[in-house]
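**Student:** Here you go, target_39.cif (mmCIF, C-alpha atoms):
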data_data
loop_
_atom_site.label_atom_id
_atom_site.label_comp_id
_atom_site.auth_asym_id
_atom_site.auth_seq_id
_atom_site.Cartn_x
_atom_site.Cartn_y
_atom_site.Cartn_z
CA MET A 637 0.00 0.00 0.00
CA GLY A 638 1.32 3.40 -0.75
CA SER A 639 1.50 6.26 -3.15
CA ASP A 640 4.07 7.86 -5.41
CA THR A 641 2.68 11.27 -4.43
CA THR A 642 2.06 12.58 -0.92
CA LEU A 643 -1.68 12.87 -0.32
CA VAL A 644 -3.72 14.84 2.22
CA ARG A 645 -7.39 14.22 3.08
CA LYS A 646 -9.56 17.04 1.63
CA GLN A 647 -11.74 17.37 4.73
CA PHE A 648 -8.65 17.73 6.93
CA VAL A 649 -6.89 20.35 4.78
CA ASN A 650 -10.14 22.30 4.36
CA CYS A 651 -10.45 22.50 8.17
CA LEU A 652 -6.96 24.03 8.28
CA GLY A 653 -8.06 26.82 5.95
CA LEU A 654 -4.79 26.83 4.01
CA PRO A 655 -4.55 28.45 0.58
CA HIS A 656 -3.96 25.98 -2.24
CA LEU A 657 -1.14 26.26 -4.76
CA GLY A 658 -3.17 25.15 -7.76
CA SER A 659 -5.61 22.54 -9.03
CA SER A 660 -5.18 19.44 -11.13
CA THR A 661 -6.76 16.08 -11.80
CA LEU A 662 -5.09 13.10 -10.15
CA LYS A 663 -5.31 9.71 -11.82
CA PHE A 664 -4.47 6.59 -9.88
CA GLY A 665 -4.92 2.87 -10.19
CA THR A 666 -7.38 1.00 -8.00
CA ALA A 667 -8.12 -2.67 -7.38
CA GLY A 668 -9.01 -4.55 -10.53
CA GLU A 669 -6.73 -2.36 -12.68
CA ASN A 670 -9.31 0.45 -12.83
CA VAL A 671 -8.28 4.10 -13.04
CA HIS A 672 -9.81 6.65 -10.67
CA GLU A 673 -9.75 10.38 -11.45
CA GLU A 674 -10.21 13.02 -8.79
CA LEU A 675 -9.98 16.82 -8.79
CA SER A 676 -7.14 17.79 -6.48
CA GLN A 677 -5.44 20.86 -5.06
CA ASP A 678 -1.81 21.11 -3.90
CA PHE A 679 -0.96 22.50 -0.46
CA ASN A 680 2.23 23.52 1.32
CA LEU A 681 2.35 21.77 4.68
CA GLU A 682 4.80 21.84 7.55
CA ILE A 683 4.84 18.59 9.51
CA LYS A 684 6.71 17.29 12.54
CA PRO A 685 6.90 14.09 14.58
CA LEU A 686 4.15 13.53 17.15
CA LYS A 687 6.37 14.12 20.19
CA SER A 688 9.00 16.52 18.89
CA ASP A 689 9.28 20.28 19.04
CA GLU A 690 12.77 20.43 17.59
CA CYS A 691 12.35 19.64 13.89
CA SER A 692 9.76 20.09 11.18
CA TYR A 693 9.64 19.32 7.47
CA LYS A 694 8.07 21.31 4.64
CA ILE A 695 6.24 19.24 2.03
CA VAL A 696 3.70 19.66 -0.76
CA ALA A 697 0.67 17.37 -0.66
CA SER A 698 -2.20 16.82 -3.11
CA SER A 699 -5.72 16.68 -1.67
CA VAL A 700 -7.97 13.66 -2.19
CA VAL A 701 -11.22 12.52 -0.58
CA LYS A 702 -9.61 9.50 1.10
CA PRO A 703 -5.84 8.82 0.83
CA CYS A 704 -6.12 5.20 2.02
CA PHE A 705 -8.10 2.87 4.25
CA ASP A 706 -8.80 3.99 7.82
CA VAL A 707 -6.32 2.84 10.46
CA ASN A 708 -7.48 0.45 13.16
CA PRO A 709 -6.95 1.67 16.74
CA ILE A 710 -4.20 0.06 18.80
CA PRO A 711 -5.61 -1.25 22.08
CA SER A 712 -4.04 0.61 25.04
CA LYS A 713 -3.36 -2.71 26.77
CA VAL A 714 -0.70 -3.45 24.14
CA PHE A 715 1.70 -0.95 25.73
CA ALA A 716 1.15 -2.45 29.19
CA GLU A 717 1.20 -6.06 28.01
CA TYR A 718 4.54 -5.75 26.20
CA GLU A 719 6.90 -3.97 28.61
CA TYR A 720 9.50 -3.19 25.94
CA LEU A 721 6.85 -0.98 24.21
CA THR A 722 5.82 0.98 27.33
CA PRO A 723 8.35 3.84 26.95
CA TYR A 724 7.07 4.52 23.41
CA GLY A 725 3.32 4.48 24.07
CA ASP A 726 3.05 8.28 23.93
CA GLN A 727 4.99 8.44 20.64
CA ILE A 728 2.59 6.25 18.65
CA ALA A 729 -0.82 7.48 17.51
CA SER A 730 -3.06 4.68 18.76
CA TYR A 731 -6.54 6.18 18.27
CA GLY A 732 -7.14 4.94 14.70
CA GLY A 733 -9.55 6.42 12.16
CA PRO A 734 -9.11 8.27 8.88
CA VAL A 735 -5.61 8.96 7.58
CA ASP A 736 -5.12 12.71 7.14
CA LEU A 737 -1.70 12.57 5.48
CA LEU A 738 -0.18 9.73 3.46
CA ILE A 739 3.51 10.33 2.85
CA GLY A 740 4.36 9.17 -0.65
CA ARG A 741 7.49 8.06 -2.41
CA ASP A 742 8.19 11.72 -3.21
CA TYR A 743 9.22 12.13 0.46
CA ALA A 744 10.47 8.56 1.05
CA PRO A 745 13.49 9.60 3.17
CA TYR A 746 11.12 10.92 5.87
CA ILE A 747 9.46 7.53 6.33
CA GLN A 748 12.47 5.29 5.71
CA THR A 749 13.22 3.06 8.71
CA LEU A 750 16.18 4.43 10.67
CA ASN A 751 16.07 2.02 13.59
CA VAL A 752 13.95 -0.90 14.78
CA LEU A 753 13.07 -2.05 18.29
CA GLN A 754 12.36 -5.68 17.54
CA ALA A 755 10.24 -7.93 19.73
CA PRO A 756 12.53 -9.89 22.09
CA SER A 757 11.25 -13.13 20.62
CA ASP A 758 9.31 -14.16 17.51
CA PRO A 759 8.81 -10.76 15.76
CA GLU A 760 6.14 -12.29 13.51
CA LYS A 761 4.01 -12.99 16.58
CA TYR A 762 4.82 -9.98 18.78
CA PRO A 763 4.82 -6.25 17.94
CA SER A 764 7.98 -4.32 17.06
CA ILE A 765 8.55 -0.57 16.51
CA SER A 766 10.04 1.09 13.45
CA PHE A 767 11.53 4.57 13.92
CA THR A 768 11.55 7.15 11.09
CA LYS A 769 12.28 10.87 10.83
CA LEU A 770 8.56 11.51 11.32
CA GLY A 771 8.12 9.29 14.36
CA CYS A 772 7.48 5.62 14.87
CA TYR A 773 4.90 2.93 14.20
CA LEU A 774 4.10 -0.61 15.31
CA PHE A 775 4.38 -3.62 13.03
CA GLY A 776 4.18 -7.39 13.43
CA GLY A 777 2.22 -9.26 16.05
CA ILE A 778 -0.95 -7.25 16.53
CA VAL A 779 -0.76 -5.75 13.05
CA GLU A 780 -1.99 -7.96 10.21
CA HIS A 781 0.45 -8.21 7.31
CA PRO A 782 -0.96 -6.85 4.02
CA GLU A 783 -0.11 -10.02 2.12
CA GLN A 784 -2.37 -11.92 4.52
CA ARG A 785 -5.34 -9.63 3.84
CA PHE A 786 -5.17 -9.45 0.06
CA ALA A 787 -5.30 -12.35 -2.35
CA THR A 788 -4.01 -10.45 -5.39
CA MET A 789 -0.53 -9.21 -6.17
CA ALA A 790 0.13 -5.49 -6.35
CA LYS A 791 1.96 -3.81 -9.21
CA VAL A 792 5.39 -2.66 -8.04
CA ASN A 793 6.99 0.40 -9.57
CA PHE A 794 10.77 0.59 -9.42
CA LEU A 795 12.64 3.82 -8.93
CA SER A 796 14.07 5.51 -11.97
CA LYS A 797 17.81 6.16 -11.98
CA SER A 798 17.22 9.86 -11.18
CA GLU A 799 14.92 8.99 -8.23
CA ASP A 800 17.46 6.46 -6.99
CA GLN A 801 20.22 9.09 -7.22
CA LYS A 802 18.11 11.60 -5.25
CA LEU A 803 17.75 9.05 -2.43
CA ARG A 804 21.48 8.24 -2.60
CA ASP A 805 22.24 11.96 -2.29
CA PHE A 806 19.85 12.33 0.64
CA PHE A 807 21.37 9.40 2.55
CA PRO A 808 25.15 9.59 2.98
CA TRP A 809 25.75 5.84 2.89
CA GLY A 810 24.74 5.61 -0.82
CA HIS A 811 22.21 2.79 -0.53
CA SER A 812 20.69 1.76 -3.88
CA TRP A 813 16.92 1.68 -3.41
CA SER A 814 16.19 0.11 -6.79
CA GLU A 815 18.39 -2.87 -6.01
CA ALA A 816 17.19 -3.33 -2.44
CA TYR A 817 13.68 -4.44 -3.19
#
Would it be possible to restate this file's structure as structure tokens?
**Tutor:**
Amino acid sequence: MGSDTTLVRKQFVNCLGLPHLGSSTLKFGTAGENVHEELSQDFNLEIKPLKSDECSYKIVASSVVKPCFDVNPIPSKVFAEYEYLTPYGDQIASYGGPVDLLIGRDYAPYIQTLNVLQAPSDPEKYPSISFTKLGCYLFGGIVEHPEQRFATMAKVNFLSKSEDQKLRDFFPWGHSWSEAY
């Protein structure tokens, strides 16, 4: 699941009352190889991690009615049940609901995993935390893997050489994203 372009939920951005940069029509593929068209507006946004006052990032996002499926809430007992997660409970949005901002491949370095706190045993069965520039999220264990929910294969787009070079320039260790996946 994901997007090449960063998307913001129309209802959310309208509540912010921000001026838009311009309008266009977005076209994107949906299940069954259909194409969906939607009138969109671009917005300048400044975002920061949930529990950080020190850094923020400026991005441009295109508005759509619904960027992706709603997120299921994370039961509060998870942070008490798994002691290794307790210190991070206030850093993870656990309330669920509609997704207001879906960071796309155009800002991939902001959501690239920087560090992982893996479950002490059997990470497929117990939750782990992935840390990114924009915060952290849970995966494994309580979170159902996408390949277990969907019976069809998704089309995978590889990075062009120029996109790959942009990511190499952003990250000092020169990792090749096209070859990694």
**Student:** I would like the residues chosen by the PyMOL selection byres ((chain A and resi 740) around 12) on the shown file; could you give them as JSON, numbers by chain?
**Tutor:** {"A": [637, 638, 639, 640, 641, 642, 643, 644, 695, 696, 697, 698, 703, 704, 737, 738, 739, 741, 742, 743, 744, 745, 746, 747, 748]}
**Student:** Store the residues of this selection in a file with C-alpha atoms, as a compact mmCIF listing (two decimals), in the frame of the given file.
**Tutor:**
# COMPACT_ATOMS: atom_id res chain seq x y z
CA MET A 637 0.00 0.00 0.00
CA GLY A 638 1.32 3.40 -0.75
CA SER A 639 1.50 6.26 -3.15
CA ASP A 640 4.07 7.86 -5.41
CA THR A 641 2.68 11.27 -4.43
CA THR A 642 2.06 12.58 -0.92
CA LEU A 643 -1.68 12.87 -0.32
CA VAL A 644 -3.72 14.84 2.22
CA ILE A 695 6.24 19.24 2.03
CA VAL A 696 3.70 19.66 -0.76
CA ALA A 697 0.67 17.37 -0.66
CA SER A 698 -2.20 16.82 -3.11
CA PRO A 703 -5.84 8.82 0.83
CA CYS A 704 -6.12 5.20 2.02
CA LEU A 737 -1.70 12.57 5.48
CA LEU A 738 -0.18 9.73 3.46
CA ILE A 739 3.51 10.33 2.85
CA ARG A 741 7.49 8.06 -2.41
CA ASP A 742 8.19 11.72 -3.21
CA TYR A 743 9.22 12.13 0.46
CA ALA A 744 10.47 8.56 1.05
CA PRO A 745 13.49 9.60 3.17
CA TYR A 746 11.12 10.92 5.87
CA ILE A 747 9.46 7.53 6.33
CA GLN A 748 12.47 5.29 5.71
**Student:** Between CA of Gly771 in chain A and CA of Pro685 in chain A, what distance in Å does the model show, to one decimal?
**Tutor:**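 Atom-to-atom, CA of Gly771 in chain A and CA of Pro685 in chain A are spaced 5.0 Å apart.
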**Student:** Please report the interatomic distance between CA of Tyr693 in chain A and CA of Asn680 in chain A in Å with one decimal.
**Tutor:** 10.5 Å
**Student:** Taking the file as shown, find all residues satisfying the PyMOL selection byres ((chain A and resi 709) around 6) and write them as a list in words.
**Tutor:**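 Here the PyMOL selection byres ((chain A and resi 709) around 6) matches Asn708, Ile710, Ser730, Tyr731 and Gly732 of chain A.
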**Student:** Might you pull out every residue within 10 Å of Ser766 in chain A, with all atoms listed in the file counted and same-chain residues fewer than 3 positions away left off, and present them as an MDAnalysis selection string?
**Tutor:** chainID A and resid 747:754 771:775
**Student:** Which residues, written as a ChimeraX atom specification, have at least one atom at most 8 Å from Phe664 in chain A, with all atoms listed in the file counted and residues fewer than 3 positions away on the same chain left out?
**Tutor:** /A:671-673
**Student:** Quick one: residues within 8 Å of range 717-721 of chain A, only C-alpha atoms counted, chain neighbours fewer than 4 positions away excluded, as a list of chain:residue names?
**Tutor:**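 Residues near the query, excluding close chain neighbours: A:Lys713, A:Gly725, A:Ala755, A:Ser764, A:Ile765.
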**Student:** Deliver the residues from the most recent selection as a file, using C-alpha atoms, as a PDB file, in the frame of the given file.
**Tutor:**
ATOM      1  CA  LYS A 713      -3.360  -2.710  26.770  1.00  0.00           C
ATOM      2  CA  GLY A 725       3.320   4.480  24.070  1.00  0.00           C
ATOM      3  CA  ALA A 755      10.240  -7.930  19.730  1.00  0.00           C
ATOM      4  CA  SER A 764       7.980  -4.320  17.060  1.00  0.00           C
ATOM      5  CA  ILE A 765       8.550  -0.570  16.510  1.00  0.00           C
TER       6      ILE A 765
END
**Student:** CA of Gly733 in chain A and CA of Phe705 in chain A are how many Å apart?
**Tutor:**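 Answer for the CA of Gly733 in chain A to CA of Phe705 in chain A separation: 8.8 Å.
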**Student:** Kindly resolve the PyMOL selection byres ((chain A and resi 692) around 7) on the present coordinates and return the residues as a list in words.
**Tutor:**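 That expression, the PyMOL selection byres ((chain A and resi 692) around 7), corresponds here to Glu682, Ile683, Lys684, Cys691, Tyr693 and Lys694 of chain A.
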**Student:** Store the residues of this selection in a file with C-alpha atoms, as a PDB file, keeping the file's coordinate frame.
**Tutor:**
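Result file follows (result-v7.pdb):
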ATOM      1  CA  GLU A 682       4.800  21.840   7.550  1.00  0.00           C
ATOM      2  CA  ILE A 683       4.840  18.590   9.510  1.00  0.00           C
ATOM      3  CA  LYS A 684       6.710  17.290  12.540  1.00  0.00           C
ATOM      4  CA  CYS A 691      12.350  19.640  13.890  1.00  0.00           C
ATOM      5  CA  TYR A 693       9.640  19.320   7.470  1.00  0.00           C
ATOM      6  CA  LYS A 694       8.070  21.310   4.640  1.00  0.00           C
TER       7      LYS A 694
END
**Student:** Using all atoms listed in the file, which of the listed residues (A:Ser712, A:Ser688, A:Ser699, A:Asn670) sits closest to His656 in chain A?
**Tutor:**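 Smallest separation from His656 in chain A among the options: A:Ser699.
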**Student:** Go through A:Pro763, A:Ala729, A:Leu654, A:Tyr724 and flag the residue nearest Leu681 in chain A, using all atoms listed in the file for the distances.
**Tutor:**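 Looking at the shortest contact to Leu681 in chain A, the residue is A:Leu654.
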**Student:** Which is closest to Gly777 in chain A among A:Val735, A:Val714, A:Val649, A:Leu686, if we use only C-alpha atoms?
**Tutor:**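 Of the candidates, the smallest distance to Gly777 in chain A is held by A:Val714.
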**Student:** Write out as a list in words each polymer residue whose atoms come within 7 Å of Ser659 in chain A, counting only C-alpha atoms; drop sequence neighbours fewer than 3 positions from it.
**Tutor:**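 Near Ser659 in chain A, the qualifying residues are Ser676, Gln677 and Asp678 of chain A.
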**Student:** Please, could you write that set of residues out with C-alpha atoms as a PDB file, keeping the file's coordinate frame?
**Tutor:**
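Below is the file out-v3.pdb, written as the result:
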ATOM      1  CA  SER A 676      -7.140  17.790  -6.480  1.00  0.00           C
ATOM      2  CA  GLN A 677      -5.440  20.860  -5.060  1.00  0.00           C
ATOM      3  CA  ASP A 678      -1.810  21.110  -3.900  1.00  0.00           C
TER       4      ASP A 678
END
**Student:** Find the residue from A:Leu657, A:Cys651, A:Ala667, A:Leu675 that sits nearest to Asp736 in chain A; use only C-alpha atoms when measuring.
**Tutor:**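 Nearest candidate to Asp736 in chain A out of A:Leu657, A:Cys651, A:Ala667, A:Leu675: A:Cys651.
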